[in-house]
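Below is coords.pdb, holding PDB, C-alpha atoms.
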ATOM      1  CA  MET A 816     -45.342 -15.278   3.815
ATOM      2  CA  ASP A 817     -45.231 -18.927   5.033
ATOM      3  CA  ALA A 818     -43.082 -20.180   7.910
ATOM      4  CA  LEU A 819     -40.376 -21.524   5.585
ATOM      5  CA  SER A 820     -40.019 -18.208   3.755
ATOM      6  CA  LEU A 821     -40.020 -16.289   7.051
ATOM      7  CA  GLY A 822     -37.309 -18.544   8.428
ATOM      8  CA  LEU A 823     -35.188 -18.116   5.305
ATOM      9  CA  ALA A 824     -35.554 -14.332   5.486
ATOM     10  CA  ALA A 825     -34.570 -14.282   9.173
ATOM     11  CA  PHE A 826     -31.562 -16.492   8.518
ATOM     12  CA  ALA A 827     -30.424 -14.388   5.545
ATOM     13  CA  CYS A 828     -30.734 -11.135   7.511
ATOM     14  CA  ALA A 829     -28.873 -12.504  10.543
ATOM     15  CA  LEU A 830     -26.145 -13.838   8.271
ATOM     16  CA  ALA A 831     -25.878 -10.457   6.522
ATOM     17  CA  VAL A 832     -25.443  -8.672   9.882
ATOM     18  CA  PHE A 833     -22.697 -11.103  10.874
ATOM     19  CA  ALA A 834     -20.967 -10.816   7.492
ATOM     20  CA  GLY A 835     -21.093  -7.028   7.709
ATOM     21  CA  LEU A 836     -19.722  -7.119  11.262
ATOM     22  CA  VAL A 837     -16.731  -9.184  10.173
ATOM     23  CA  LYS A 838     -16.084  -6.880   7.232
ATOM     24  CA  GLY A 839     -16.381  -3.785   9.388
ATOM     25  CA  VAL A 840     -13.588  -5.045  11.631
ATOM     26  CA  VAL A 841     -11.139  -6.663   9.187
ATOM     27  CA  GLY A 842     -12.113  -5.092   5.845
ATOM     28  CA  PHE A 843     -13.062  -8.248   3.933
ATOM     29  CA  ALA A 844     -14.993 -11.559   4.061
ATOM     30  CA  LEU A 845     -18.560 -10.277   3.569
ATOM     31  CA  PRO A 846     -19.170 -12.162   0.288
ATOM     32  CA  MET A 847     -17.307 -15.244   1.533
ATOM     33  CA  VAL A 848     -19.492 -15.479   4.632
ATOM     34  CA  LEU A 849     -22.657 -14.763   2.661
ATOM     35  CA  ILE A 850     -22.090 -17.250  -0.138
ATOM     36  CA  SER A 851     -21.123 -19.982   2.306
ATOM     37  CA  GLY A 852     -24.161 -19.464   4.524
ATOM     38  CA  LEU A 853     -26.675 -18.708   1.806
ATOM     39  CA  GLY A 854     -25.310 -21.539  -0.313
ATOM     40  CA  SER A 855     -26.497 -23.919   2.391
ATOM     41  CA  VAL A 856     -30.146 -22.943   1.901
ATOM     42  CA  VAL A 857     -30.484 -21.739  -1.718
ATOM     43  CA  PRO A 858     -28.849 -22.727  -5.041
ATOM     44  CA  PRO A 859     -25.305 -21.356  -5.562
ATOM     45  CA  GLU A 860     -26.292 -18.980  -8.371
ATOM     46  CA  VAL A 861     -29.080 -17.521  -6.205
ATOM     47  CA  ALA A 862     -26.677 -17.058  -3.288
ATOM     48  CA  LEU A 863     -24.289 -15.279  -5.656
ATOM     49  CA  ALA A 864     -27.049 -12.938  -6.846
ATOM     50  CA  TRP A 865     -28.176 -12.104  -3.322
ATOM     51  CA  LEU A 866     -24.701 -11.066  -2.154
ATOM     52  CA  ILE A 867     -23.971  -8.678  -5.053
ATOM     53  CA  LEU A 868     -25.630  -5.458  -3.817
ATOM     54  CA  PRO A 869     -24.589  -5.845  -0.157
ATOM     55  CA  THR A 870     -21.041  -6.314  -1.445
ATOM     56  CA  LEU A 871     -21.224  -3.292  -3.749
ATOM     57  CA  ILE A 872     -22.728  -0.849  -1.247
ATOM     58  CA  GLY A 873     -20.604  -2.006   1.675
ATOM     59  CA  ASN A 874     -17.373  -1.693  -0.284
ATOM     60  CA  LEU A 875     -18.219   1.769  -1.574
ATOM     61  CA  TRP A 876     -18.776   2.878   2.021
ATOM     62  CA  GLN A 877     -15.482   1.328   3.082
ATOM     63  CA  ALA A 878     -13.559   2.867   0.162
ATOM     64  CA  LEU A 879     -14.847   6.400   0.803
ATOM     65  CA  ARG A 880     -14.415   6.573   4.590
ATOM     66  CA  GLN A 881     -11.300   8.747   4.213
ATOM     67  CA  GLY A 882     -12.720  10.741   1.298
ATOM     68  CA  ALA A 883     -12.798  10.516  -2.498
ATOM     69  CA  GLY A 884      -9.248  11.849  -2.899
ATOM     70  CA  ALA A 885      -7.682   9.045  -0.887
ATOM     71  CA  ALA A 886      -9.825   6.472  -2.702
ATOM     72  CA  PHE A 887      -8.725   7.816  -6.099
ATOM     73  CA  ALA A 888      -5.058   7.670  -5.082
ATOM     74  CA  SER A 889      -5.464   4.024  -4.115
ATOM     75  CA  LEU A 890      -7.279   3.336  -7.373
ATOM     76  CA  ARG A 891      -4.397   4.799  -9.371
ATOM     77  CA  ARG A 892      -1.738   2.935  -7.403
ATOM     78  CA  PHE A 893      -3.328  -0.486  -7.992
ATOM     79  CA  ARG A 894      -4.566   0.097 -11.550
ATOM     80  CA  ARG A 895      -2.865  -2.990 -13.043
ATOM     81  CA  PHE A 896      -4.337  -5.332 -10.467
ATOM     82  CA  LEU A 897      -7.774  -3.786 -10.928
ATOM     83  CA  LEU A 898      -7.726  -3.932 -14.717
ATOM     84  CA  ALA A 899      -6.742  -7.612 -14.754
ATOM     85  CA  THR A 900      -9.399  -8.372 -12.145
ATOM     86  CA  PHE A 901     -12.164  -6.686 -14.119
ATOM     87  CA  VAL A 902     -11.335  -8.207 -17.505
ATOM     88  CA  VAL A 903     -11.102 -11.757 -16.186
ATOM     89  CA  MET A 904     -14.191 -11.251 -13.998
ATOM     90  CA  LEU A 905     -16.309 -10.329 -17.001
ATOM     91  CA  LEU A 906     -15.184 -13.479 -18.805
ATOM     92  CA  ALA A 907     -15.504 -15.804 -15.813
ATOM     93  CA  ALA A 908     -19.000 -14.543 -14.949
ATOM     94  CA  GLN A 909     -20.306 -16.132 -18.113
ATOM     95  CA  LEU A 910     -19.293 -19.580 -16.822
ATOM     96  CA  VAL A 911     -21.789 -19.550 -13.945
ATOM     97  CA  ARG A 912     -24.671 -20.781 -16.098
ATOM     98  CA  PHE A 913     -22.599 -23.699 -17.398
ATOM     99  CA  LEU A 914     -20.872 -24.891 -14.222
ATOM    100  CA  PRO A 915     -22.528 -27.738 -12.292
ATOM    101  CA  GLY A 916     -23.519 -26.627  -8.812
ATOM    102  CA  GLY A 917     -21.111 -29.049  -7.157
ATOM    103  CA  ALA A 918     -18.182 -27.883  -9.257
ATOM    104  CA  MET A 919     -18.920 -24.247  -8.469
ATOM    105  CA  LEU A 920     -18.980 -24.980  -4.737
ATOM    106  CA  LEU A 921     -15.656 -26.828  -4.938
ATOM    107  CA  ILE A 922     -14.019 -24.073  -6.989
ATOM    108  CA  ILE A 923     -14.961 -21.616  -4.245
ATOM    109  CA  GLY A 924     -14.555 -23.865  -1.202
ATOM    110  CA  VAL A 925     -11.162 -25.475  -1.840
ATOM    111  CA  PRO A 926      -9.154 -22.215  -2.212
ATOM    112  CA  MET A 927     -11.065 -20.652   0.698
ATOM    113  CA  THR A 928     -10.197 -23.618   2.930
ATOM    114  CA  ILE A 929      -6.533 -23.640   1.908
ATOM    115  CA  TYR A 930      -6.239 -19.890   2.401
ATOM    116  CA  ALA A 931      -7.861 -19.853   5.847
ATOM    117  CA  ALA A 932      -5.967 -22.935   7.055
ATOM    118  CA  SER A 933      -2.603 -21.596   5.906
ATOM    119  CA  MET A 934      -3.233 -18.257   7.629
ATOM    120  CA  LEU A 935      -4.309 -19.948  10.872
ATOM    121  CA  MET A 936      -1.143 -22.077  10.828
ATOM    122  CA  GLY A 937       0.974 -18.954  10.441
ATOM    123  CA  ARG A 938       1.854 -19.648   6.825
ATOM    124  CA  PRO A 939       0.603 -16.682   4.793
ATOM    125  CA  LEU A 940       0.901 -16.630   1.039
ATOM    126  CA  ARG A 941       4.385 -15.515   0.029
ATOM    127  CA  LEU A 942       4.988 -13.093  -2.832
ATOM    128  CA  PRO A 943       8.142 -11.279  -3.958
ATOM    129  CA  HIS A 944       8.627  -8.044  -2.054
ATOM    130  CA  PRO A 945       7.587  -5.818  -3.603
ATOM    131  CA  PRO A 946       5.483  -7.621  -6.232
ATOM    132  CA  GLY A 947       6.307  -6.481  -9.756
ATOM    133  CA  PRO A 948       3.841  -5.730 -12.564
ATOM    134  CA  ARG A 949       3.652  -9.403 -13.614
ATOM    135  CA  ILE A 950       2.647 -10.449 -10.105
ATOM    136  CA  GLU A 951       0.021  -7.694 -10.000
ATOM    137  CA  TRP A 952      -1.426  -8.777 -13.363
ATOM    138  CA  GLY A 953      -1.385 -12.424 -12.302
ATOM    139  CA  MET A 954      -2.973 -11.862  -8.908
ATOM    140  CA  GLY A 955      -5.587  -9.665 -10.549
ATOM    141  CA  ALA A 956      -6.433 -12.453 -12.992
ATOM    142  CA  VAL A 957      -6.810 -14.961 -10.153
ATOM    143  CA  ALA A 958      -8.976 -12.550  -8.181
ATOM    144  CA  GLY A 959     -11.107 -11.859 -11.250
ATOM    145  CA  PHE A 960     -11.709 -15.551 -11.928
ATOM    146  CA  PHE A 961     -12.985 -16.220  -8.417
ATOM    147  CA  GLY A 962     -14.924 -12.966  -8.423
ATOM    148  CA  GLY A 963     -16.689 -13.785 -11.656
ATOM    149  CA  ILE A 964     -17.913 -17.220 -10.632
ATOM    150  CA  SER A 965     -18.546 -16.593  -6.946
ATOM    151  CA  GLY A 966     -18.426 -12.893  -6.048
ATOM    152  CA  ILE A 967     -15.268 -13.597  -3.990
ATOM    153  CA  TRP A 968     -11.932 -12.019  -4.816
ATOM    154  CA  GLY A 969     -10.694 -11.196  -1.334
ATOM    155  CA  PRO A 970      -7.851 -13.669  -0.644
ATOM    156  CA  PRO A 971      -5.674 -12.689  -3.651
ATOM    157  CA  THR A 972      -6.225  -9.020  -2.832
ATOM    158  CA  VAL A 973      -5.332  -9.443   0.833
ATOM    159  CA  ALA A 974      -2.240 -11.453  -0.146
ATOM    160  CA  LEU A 975      -1.045  -8.695  -2.479
ATOM    161  CA  LEU A 976      -1.603  -5.903   0.053
ATOM    162  CA  THR A 977       0.105  -7.909   2.790
ATOM    163  CA  ALA A 978       3.126  -8.502   0.552
ATOM    164  CA  LEU A 979       3.299  -4.756  -0.073
ATOM    165  CA  ASP A 980       3.216  -4.107   3.701
ATOM    166  CA  ILE A 981       0.462  -1.513   3.340
ATOM    167  CA  GLU A 982      -0.354   0.540   6.457
ATOM    168  CA  LYS A 983      -3.553  -0.601   8.221
ATOM    169  CA  THR A 984      -5.816   2.330   7.323
ATOM    170  CA  GLU A 985      -4.774   2.317   3.678
ATOM    171  CA  HIS A 986      -4.905  -1.483   3.620
ATOM    172  CA  VAL A 987      -8.604  -1.419   4.542
ATOM    173  CA  ARG A 988      -9.311   1.500   2.187
ATOM    174  CA  VAL A 989      -7.599  -0.199  -0.744
ATOM    175  CA  GLN A 990      -9.627  -3.319  -0.089
ATOM    176  CA  GLY A 991     -12.767  -1.181  -0.295
ATOM    177  CA  VAL A 992     -11.589   0.423  -3.542
ATOM    178  CA  VAL A 993     -10.668  -2.915  -5.119
ATOM    179  CA  TYR A 994     -13.770  -4.761  -3.978
ATOM    180  CA  GLY A 995     -16.089  -1.829  -4.668
ATOM    181  CA  SER A 996     -14.749  -1.338  -8.185
ATOM    182  CA  GLY A 997     -14.969  -5.055  -8.800
ATOM    183  CA  ALA A 998     -18.507  -5.175  -7.425
ATOM    184  CA  LEU A 999     -19.568  -2.563  -9.984
ATOM    185  CA  VAL A1000     -18.211  -4.807 -12.711
ATOM    186  CA  LEU A1001     -19.873  -7.820 -11.086
ATOM    187  CA  VAL A1002     -23.279  -6.120 -11.229
ATOM    188  CA  GLY A1003     -22.920  -5.497 -14.952
ATOM    189  CA  ALA A1004     -21.515  -8.960 -15.592
ATOM    190  CA  HIS A1005     -24.372 -10.759 -13.884
ATOM    191  CA  LEU A1006     -27.073  -8.540 -15.306
ATOM    192  CA  GLY A1007     -25.695  -9.862 -18.574
ATOM    193  CA  SER A1008     -25.407 -13.475 -17.402
ATOM    194  CA  GLY A1009     -28.972 -13.435 -16.041
ATOM    195  CA  VAL A1010     -27.933 -14.335 -12.471
ATOM    196  CA  LEU A1011     -29.049 -10.891 -11.283
ATOM    197  CA  ASN A1012     -32.642 -10.557 -12.479
ATOM    198  CA  ALA A1013     -36.112  -9.354 -11.504
ATOM    199  CA  GLN A1014     -36.442 -12.114  -8.887
ATOM    200  CA  THR A1015     -33.010 -11.898  -7.252
ATOM    201  CA  LEU A1016     -32.350  -8.136  -7.443
ATOM    202  CA  PRO A1017     -34.969  -7.068  -4.818
ATOM    203  CA  VAL A1018     -33.676  -9.638  -2.325
ATOM    204  CA  SER A1019     -30.106  -8.492  -2.923
ATOM    205  CA  ALA A1020     -31.144  -4.885  -2.281
ATOM    206  CA  ALA A1021     -33.001  -5.851   0.898
ATOM    207  CA  LEU A1022     -29.981  -7.719   2.296
ATOM    208  CA  ALA A1023     -27.863  -4.579   1.903
ATOM    209  CA  VAL A1024     -29.659  -3.065   4.931
ATOM    210  CA  PRO A1025     -28.667  -5.667   7.567
ATOM    211  CA  SER A1026     -25.175  -5.971   6.080
ATOM    212  CA  LEU A1027     -24.651  -2.209   6.471
ATOM    213  CA  LEU A1028     -25.894  -2.415  10.058
ATOM    214  CA  GLY A1029     -23.309  -5.097  10.691
ATOM    215  CA  MET A1030     -20.572  -2.986   9.103
ATOM    216  CA  TRP A1031     -21.535  -0.022  11.271
ATOM    217  CA  LEU A1032     -21.150  -2.176  14.359
ATOM    218  CA  GLY A1033     -17.863  -3.532  13.043
ATOM    219  CA  PHE A1034     -16.474  -0.054  12.449
ATOM    220  CA  ARG A1035     -17.406   0.937  16.001
ATOM    221  CA  ILE A1036     -15.554  -1.958  17.613
ATOM    222  CA  GLN A1037     -12.586  -1.950  15.207
ATOM    223  CA  ASP A1038     -10.474   0.206  17.548
ATOM    224  CA  ARG A1039     -11.718  -1.463  20.743
ATOM    225  CA  ILE A1040     -10.828  -5.077  20.105
ATOM    226  CA  ASP A1041      -7.609  -6.988  19.589
ATOM    227  CA  GLN A1042      -7.358  -7.132  15.809
ATOM    228  CA  ALA A1043      -5.132 -10.203  15.726
ATOM    229  CA  THR A1044      -7.470 -12.220  17.948
ATOM    230  CA  PHE A1045     -10.560 -11.226  16.008
ATOM    231  CA  ARG A1046      -8.798 -11.937  12.734
ATOM    232  CA  ARG A1047      -7.998 -15.447  13.892
ATOM    233  CA  LEU A1048     -11.630 -15.971  14.858
ATOM    234  CA  THR A1049     -12.654 -14.681  11.433
ATOM    235  CA  LEU A1050     -10.267 -17.069   9.698
ATOM    236  CA  ALA A1051     -11.659 -19.937  11.789
ATOM    237  CA  VAL A1052     -15.164 -19.061  10.566
ATOM    238  CA  LEU A1053     -13.912 -18.888   6.974
ATOM    239  CA  LEU A1054     -12.233 -22.262   7.370
ATOM    240  CA  LEU A1055     -15.495 -23.801   8.554
ATOM    241  CA  ALA A1056     -17.345 -22.083   5.724
ATOM    242  CA  GLY A1057     -14.877 -23.395   3.163
ATOM    243  CA  LEU A1058     -15.066 -26.922   4.527
ATOM    244  CA  ASN A1059     -18.861 -26.740   4.376
ATOM    245  CA  LEU A1060     -18.722 -25.693   0.722
ATOM    246  CA  VAL A1061     -16.325 -28.544  -0.062
ATOM    247  CA  ARG A1062     -18.619 -31.007   1.719
ATOM    248  CA  ARG A1063     -21.634 -29.814  -0.231
ATOM    249  CA  GLY A1064     -19.707 -29.872  -3.483
ATOM    250  CA  LEU A1065     -18.680 -33.473  -2.903
ATOM    251  CA  VAL A1066     -21.887 -34.972  -1.484
ATOM    252  CA  GLY A1067     -24.461 -32.611  -3.019
ATOM    253  CA  LEU A1068     -26.172 -31.779   0.274
TER     254      LEU A1068
END

Would you mind writing the file out in structure tokens?
Amino acid sequence: MDALSLGLAAFACALAVFAGLVKGVVGFALPMVLISGLGSVVPPEVALAWLILPTLIGNLWQALRQGAGAAFASLRRFRRFLLATFVVMLLAAQLVRFLPGGAMLLIIGVPMTIYAASMLMGRPLRLPHPPGPRIEWGMGAVAGFFGGISGIWGPPTVALLTALDIEKTEHVRVQGVVYGSGALVLVGAHLGSGVLNAQTLPVSAALAVPSLLGMWLGFRIQDRIDQATFRRLTLAVLLLAGLNLVRRGLVGL
């Protein structure tokens, strides 16, 4: 392995640990952190492929922390959101091969930046309380579109759960159920699209190890740190990541 490849591997592993740490504490953001960081050093479709298995395995762990029964109950409760997410994700995944790299980065970066900035300014997304079936279908479709082209469907999910005022433990579990179920669909979708292939699959599997280490650390400190403060730090990182994606989408660097 040459110095460049060794440096890329070290960077990817360190980024995966950090992404897992953030997810272990707040329940989301692993794919957003990974695609932003990896997208700075490899093509967007490669970054997407590399984050798929860490996302899948990490979310399954998160979903099952309170047992299969609790996970199934959450799955049943949010079935409309999940179904819309999966259907649209399968369709949107086929666009990856046809989207210019810059456009893909902007499609991901602009909503990420708006979401993080609005949260940091104390202006969360507002939904009817409680959201009705139409809102659930619509938010699922939005989440599925972003998930299909980027592996990211966290912000619409977090917005929906926040609007429903879900208790913290269930909030994190539902995120795991939603993201884990979606990640299963994402694997199938991108095996079909060719993004996940014989070259990218081994790297994706290898990055699952440091991401799980990061999640383990995140779980350990979740009850020992001020959640609101850490969440604001996380949103600041996501804002910087989104701005970086927008910059790269506009200038091609």

Item to check | Residue with smallest distance to A:Arg891 - pool A:Val957, A:Ile923, A:Ala827, A:Val989, counting all atoms listed in the file | outcome: A:Val989

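On the file presented, the PyMOL selection byres ((chain A and resi 918) around 12) picks out Pro859, Leu910, Val911, Arg912, Phe913, Leu914, Pro915, Gly916, Gly917, Met919, Leu920, Leu921, Ile922, Ile923, Gly924, Val925, Ile964, Ser965, Leu1060, Val1061, Arg1062, Arg1063, Gly1064, Leu1065, Val1066 and Gly1067 of chain A.
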
May I have the selected residues written with C-alpha atoms, as a PDB file, in the coordinates of the input?
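The resulting result.pdb:
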ATOM      1  CA  PRO A 859     -25.305 -21.356  -5.562  1.00  0.00           C
ATOM      2  CA  LEU A 910     -19.293 -19.580 -16.822  1.00  0.00           C
ATOM      3  CA  VAL A 911     -21.789 -19.550 -13.945  1.00  0.00           C
ATOM      4  CA  ARG A 912     -24.671 -20.781 -16.098  1.00  0.00           C
ATOM      5  CA  PHE A 913     -22.599 -23.699 -17.398  1.00  0.00           C
ATOM      6  CA  LEU A 914     -20.872 -24.891 -14.222  1.00  0.00           C
ATOM      7  CA  PRO A 915     -22.528 -27.738 -12.292  1.00  0.00           C
ATOM      8  CA  GLY A 916     -23.519 -26.627  -8.812  1.00  0.00           C
ATOM      9  CA  GLY A 917     -21.111 -29.049  -7.157  1.00  0.00           C
ATOM     10  CA  MET A 919     -18.920 -24.247  -8.469  1.00  0.00           C
ATOM     11  CA  LEU A 920     -18.980 -24.980  -4.737  1.00  0.00           C
ATOM     12  CA  LEU A 921     -15.656 -26.828  -4.938  1.00  0.00           C
ATOM     13  CA  ILE A 922     -14.019 -24.073  -6.989  1.00  0.00           C
ATOM     14  CA  ILE A 923     -14.961 -21.616  -4.245  1.00  0.00           C
ATOM     15  CA  GLY A 924     -14.555 -23.865  -1.202  1.00  0.00           C
ATOM     16  CA  VAL A 925     -11.162 -25.475  -1.840  1.00  0.00           C
ATOM     17  CA  ILE A 964     -17.913 -17.220 -10.632  1.00  0.00           C
ATOM     18  CA  SER A 965     -18.546 -16.593  -6.946  1.00  0.00           C
ATOM     19  CA  LEU A1060     -18.722 -25.693   0.722  1.00  0.00           C
ATOM     20  CA  VAL A1061     -16.325 -28.544  -0.062  1.00  0.00           C
ATOM     21  CA  ARG A1062     -18.619 -31.007   1.719  1.00  0.00           C
ATOM     22  CA  ARG A1063     -21.634 -29.814  -0.231  1.00  0.00           C
ATOM     23  CA  GLY A1064     -19.707 -29.872  -3.483  1.00  0.00           C
ATOM     24  CA  LEU A1065     -18.680 -33.473  -2.903  1.00  0.00           C
ATOM     25  CA  VAL A1066     -21.887 -34.972  -1.484  1.00  0.00           C
ATOM     26  CA  GLY A1067     -24.461 -32.611  -3.019  1.00  0.00           C
TER      27      GLY A1067
END

Next on the checklist: Applying 12 Å and all atoms listed in the file, which residues near A:Phe1045 remain after dropping the ones on its own chain fewer than 6 positions away? List them as a PyMOL selection string.
Outcome noted: chain A and resi 836-842+935+1033+1036-1039+1051-1052

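The coordinates place atom CA of A:Val848 at 7.8 Å from atom CA of A:Leu830.
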
Select from stretch 822-934 of chain A every residue with an atom at most 9 Å from any atom of stretch 995-1004 of chain A, then for each give the shortest pair of atoms and their distance in Å to one decimal, using all atoms listed in the file, rows by chain and rising number, as CSV.
residue,atom,partner,partner_atom,distance
A:Ala864,CA,A:Val1002,CA,8.9
A:Ile867,CA,A:Val1002,CA,6.7
A:Leu868,CA,A:Val1002,CA,7.8
A:Thr870,CA,A:Ala998,CA,6.6
A:Leu871,CA,A:Ala998,CA,4.9
A:Ile872,CA,A:Gly995,CA,7.5
A:Gly873,CA,A:Gly995,CA,7.8
A:Asn874,CA,A:Gly995,CA,4.6
A:Leu875,CA,A:Gly995,CA,5.2
A:Trp876,CA,A:Gly995,CA,8.6
A:Gln877,CA,A:Gly995,CA,8.4
A:Ala878,CA,A:Gly995,CA,7.2
A:Leu890,CA,A:Ser996,CA,8.8
A:Leu897,CA,A:Gly997,CA,7.6
A:Thr900,CA,A:Gly997,CA,7.3
A:Phe901,CA,A:Gly997,CA,6.2
A:Met904,CA,A:Leu1001,CA,7.2
A:Leu905,CA,A:Ala1004,CA,5.6
A:Leu906,CA,A:Ala1004,CA,8.4
A:Ala908,CA,A:Ala1004,CA,6.2
A:Gln909,CA,A:Ala1004,CA,7.7

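Note that atom CA of A:Arg880 and atom CA of A:Arg892 are 17.8 Å apart.
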
Working from the structure I just supplied, which lacks atoms in stretch 854-880 of chain A, can you model N, CA and C atoms there and output them as an mmCIF file, in the frame of the given file?
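Once everything was written out, this is part-v9.cif:
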data_model
loop_
_atom_site.group_PDB
_atom_site.id
_atom_site.type_symbol
_atom_site.label_atom_id
_atom_site.label_comp_id
_atom_site.auth_asym_id
_atom_site.auth_seq_id
_atom_site.Cartn_x
_atom_site.Cartn_y
_atom_site.Cartn_z
ATOM 1 N N GLY A 854 -25.428 -20.361 0.536
ATOM 2 C CA GLY A 854 -25.310 -21.539 -0.313
ATOM 3 C C GLY A 854 -25.773 -22.813 0.352
ATOM 4 N N SER A 855 -25.974 -22.754 1.676
ATOM 5 C CA SER A 855 -26.497 -23.919 2.391
ATOM 6 C C SER A 855 -28.014 -24.026 2.298
ATOM 7 N N VAL A 856 -28.685 -22.939 1.894
ATOM 8 C CA VAL A 856 -30.146 -22.943 1.901
ATOM 9 C C VAL A 856 -30.764 -22.602 0.543
ATOM 10 N N VAL A 857 -29.974 -22.047 -0.376
ATOM 11 C CA VAL A 857 -30.484 -21.739 -1.718
ATOM 12 C C VAL A 857 -29.443 -22.181 -2.736
ATOM 13 N N PRO A 858 -29.820 -22.337 -4.023
ATOM 14 C CA PRO A 858 -28.849 -22.727 -5.041
ATOM 15 C C PRO A 858 -27.687 -21.747 -5.132
ATOM 16 N N PRO A 859 -26.491 -22.225 -5.535
ATOM 17 C CA PRO A 859 -25.305 -21.356 -5.562
ATOM 18 C C PRO A 859 -25.474 -20.081 -6.379
ATOM 19 N N GLU A 860 -26.149 -20.178 -7.550
ATOM 20 C CA GLU A 860 -26.292 -18.980 -8.371
ATOM 21 C C GLU A 860 -27.232 -17.959 -7.735
ATOM 22 N N VAL A 861 -28.188 -18.433 -6.933
ATOM 23 C CA VAL A 861 -29.080 -17.521 -6.205
ATOM 24 C C VAL A 861 -28.311 -16.847 -5.071
ATOM 25 N N ALA A 862 -27.502 -17.633 -4.353
ATOM 26 C CA ALA A 862 -26.677 -17.058 -3.288
ATOM 27 C C ALA A 862 -25.748 -15.987 -3.846
ATOM 28 N N LEU A 863 -25.161 -16.255 -5.005
ATOM 29 C CA LEU A 863 -24.289 -15.279 -5.656
ATOM 30 C C LEU A 863 -25.051 -13.995 -5.965
ATOM 31 N N ALA A 864 -26.251 -14.121 -6.509
ATOM 32 C CA ALA A 864 -27.049 -12.938 -6.846
ATOM 33 C C ALA A 864 -27.395 -12.124 -5.609
ATOM 34 N N TRP A 865 -27.759 -12.799 -4.534
ATOM 35 C CA TRP A 865 -28.176 -12.104 -3.322
ATOM 36 C C TRP A 865 -27.043 -11.312 -2.668
ATOM 37 N N LEU A 866 -25.804 -11.765 -2.828
ATOM 38 C CA LEU A 866 -24.701 -11.066 -2.154
ATOM 39 C C LEU A 866 -24.174 -9.867 -2.945
ATOM 40 N N ILE A 867 -24.604 -9.681 -4.185
ATOM 41 C CA ILE A 867 -23.971 -8.678 -5.053
ATOM 42 C C ILE A 867 -24.181 -7.250 -4.543
ATOM 43 N N LEU A 868 -25.399 -6.837 -4.264
ATOM 44 C CA LEU A 868 -25.630 -5.458 -3.817
ATOM 45 C C LEU A 868 -25.104 -5.179 -2.410
ATOM 46 N N PRO A 869 -25.254 -6.096 -1.435
ATOM 47 C CA PRO A 869 -24.589 -5.845 -0.157
ATOM 48 C C PRO A 869 -23.083 -5.662 -0.307
ATOM 49 N N THR A 870 -22.479 -6.432 -1.192
ATOM 50 C CA THR A 870 -21.041 -6.314 -1.445
ATOM 51 C C THR A 870 -20.703 -4.966 -2.065
ATOM 52 N N LEU A 871 -21.474 -4.563 -3.062
ATOM 53 C CA LEU A 871 -21.224 -3.292 -3.749
ATOM 54 C C LEU A 871 -21.348 -2.115 -2.786
ATOM 55 N N ILE A 872 -22.465 -2.013 -2.098
ATOM 56 C CA ILE A 872 -22.728 -0.849 -1.247
ATOM 57 C C ILE A 872 -21.762 -0.815 -0.052
ATOM 58 N N GLY A 873 -21.517 -1.959 0.543
ATOM 59 C CA GLY A 873 -20.604 -2.006 1.675
ATOM 60 C C GLY A 873 -19.188 -1.597 1.298
ATOM 61 N N ASN A 874 -18.727 -2.027 0.132
ATOM 62 C CA ASN A 874 -17.373 -1.693 -0.284
ATOM 63 C C ASN A 874 -17.234 -0.227 -0.676
ATOM 64 N N LEU A 875 -18.272 0.346 -1.260
ATOM 65 C CA LEU A 875 -18.219 1.769 -1.574
ATOM 66 C C LEU A 875 -18.123 2.596 -0.292
ATOM 67 N N TRP A 876 -18.858 2.200 0.727
ATOM 68 C CA TRP A 876 -18.776 2.878 2.021
ATOM 69 C C TRP A 876 -17.360 2.761 2.589
ATOM 70 N N GLN A 877 -16.819 1.561 2.554
ATOM 71 C CA GLN A 877 -15.482 1.328 3.082
ATOM 72 C C GLN A 877 -14.430 2.125 2.314
ATOM 73 N N ALA A 878 -14.545 2.175 0.993
ATOM 74 C CA ALA A 878 -13.559 2.867 0.162
ATOM 75 C C ALA A 878 -13.551 4.367 0.409
ATOM 76 N N LEU A 879 -14.714 4.943 0.715
ATOM 77 C CA LEU A 879 -14.847 6.400 0.803
ATOM 78 C C LEU A 879 -14.788 6.935 2.229
ATOM 79 N N ARG A 880 -14.437 6.110 3.194
ATOM 80 C CA ARG A 880 -14.415 6.573 4.590
ATOM 81 C C ARG A 880 -13.405 7.690 4.814
#
